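> Sending over a structure as structure tokens; questions will come in a sec.
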Amino acid sequence: MIVLDSLFPVFALILLGIVLKRYRFTSDSFLQCSDKLIYYICFPVMLFWKIGGASFGGTIDWTFCLVTLGVVCFMFLLSTIVLKLFGITDYQAGSFSQSCYRFNTYIGVAVVLNAFGEEGLAIFGVVIGLVIPTINVFAVSLLIWYSGQELSSRERAKTLLRALAANPLIIGCMSGILYSRFIGVFPRFLDNTLSLLSMVTLPMALLSIGGALTFGGMKKHLSASMLAAFLKLLVLPVLGYLAYSLFSVGGLPFKVGMIFFSLPASTAIYVLSSQLNSDTELASSAIVLSTIVSCISLSIALLL
């Protein structure tokens, strides 16, 4: 029942988002505006509120965090090797690589919150606060390397810093961790305000994910998308499971970590690929296939 209770609401809303877009209840302009509102306002506020009001028991499990980060780093290296072994072109390299390790934060928060509540979300917030900056460094560096653009070190650094500084999810997570550590309780009026604002966040985010899924380029990029999904949704969770077992990570951090490793590829892949001259059709195809197949990987992770 934990699989049904945790995953059905998430994927039902994603499916509803597809239907609403199909029958023109939503449009591209509406989805662009809602994406901006979710990304810059609603989602960071919700992360701050949920994490800030949770208790960490005075400590953060750094073994869990560092092992998780190490597995993501290893997957980045593995994806760069796969680029050469399977003949992925320079134009596709950035989109493909991101699809192997970049995760959908919205779906992650929804599943973790449904399955493990605020305590699980606090752990998830800590680890993504560490992983997101690292992933941005990997993604931007590799995209620039294969973009064919001649950029100076200063221009590369500016692009990377812009990608990090413009990420409100990092700000929301880090602010929530600090608030939880030093204060930990919201005044009733502020708690009620943040609660009202947060109510719209996950439903709107999941509807937006559904509306953004496009199936046009699936046939053309099916083999590369399947390879990326195989690495993201099978190899990465297996590596994570083995690493957690090796370093004796257990309890709730283990459960949250396995959900993290089983998440589909992030829709942010498309945006970054379009900005840095990589294959957006492949990015879109990989996102769609990864989102569909993640229903299986997330089910297995929850059963663990």
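Letters for chains follow the order of the structure tokens (A, B, ...), residue numbers begin at 1 for each chain, and ligand numbers begin at 1 in the order shown.
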Restrict the calculation to only C-alpha atoms, then for each residue of range 182-298 of chain A with any atom at most 12 Å from an atom of range 85-91 of chain A give the closest atom pair and their distance in Å to one decimal, rows by chain and rising residue number, as CSV.

residue,atom,partner,partner_atom,distance
A:His221,CA,A:Ile88,CA,11.2
A:Ser223,CA,A:Phe86,CA,10.4
A:Ala224,CA,A:Ile88,CA,8.0
A:Ser225,CA,A:Ile88,CA,11.2
A:Leu227,CA,A:Phe86,CA,9.4
A:Ala228,CA,A:Ile88,CA,11.1
A:Ser273,CA,A:Tyr91,CA,9.7
A:Ser274,CA,A:Tyr91,CA,11.1
A:Leu276,CA,A:Tyr91,CA,10.0
A:Asn277,CA,A:Tyr91,CA,7.2
A:Ser278,CA,A:Tyr91,CA,5.1
A:Asp279,CA,A:Tyr91,CA,5.8
A:Thr280,CA,A:Tyr91,CA,9.5
A:Glu281,CA,A:Tyr91,CA,10.9
A:Leu282,CA,A:Tyr91,CA,9.8
A:Ala283,CA,A:Tyr91,CA,11.2
> Within 7 Å of range 101-113 of chain A, which residues of range 14-81 of chain A come that close, and what is the closest atom pair and distance in Å for each? Count only C-alpha atoms and give it as a Markdown table.

| residue | atom | partner | partner_atom | distance |
| --- | --- | --- | --- | --- |
| A:Val72 | CA | A:Tyr101 | CA | 6.5 |
| A:Met75 | CA | A:Tyr101 | CA | 6.5 |
| A:Phe76 | CA | A:Tyr101 | CA | 6.6 |
> Hey, which of A:Val185, A:Leu7, A:Val238, A:Leu272 ends up closest to Ile144 in chain A? Count only C-alpha atoms.
A:Leu272
> Hey, which of A:Leu202, A:Cys100, A:Val126, A:Ile38 ends up closest to Ile14 in chain A? Count only C-alpha atoms.
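Closest to Ile14 in chain A of all the choices is A:Leu202.
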> Could you tell me which of A:Gly172, A:Gly129, A:Pro253, A:Gly240 comes closest to Tyr39 in chain A if we count only C-alpha atoms?
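Closest to Tyr39 in chain A, using only C-alpha atoms: A:Gly172.
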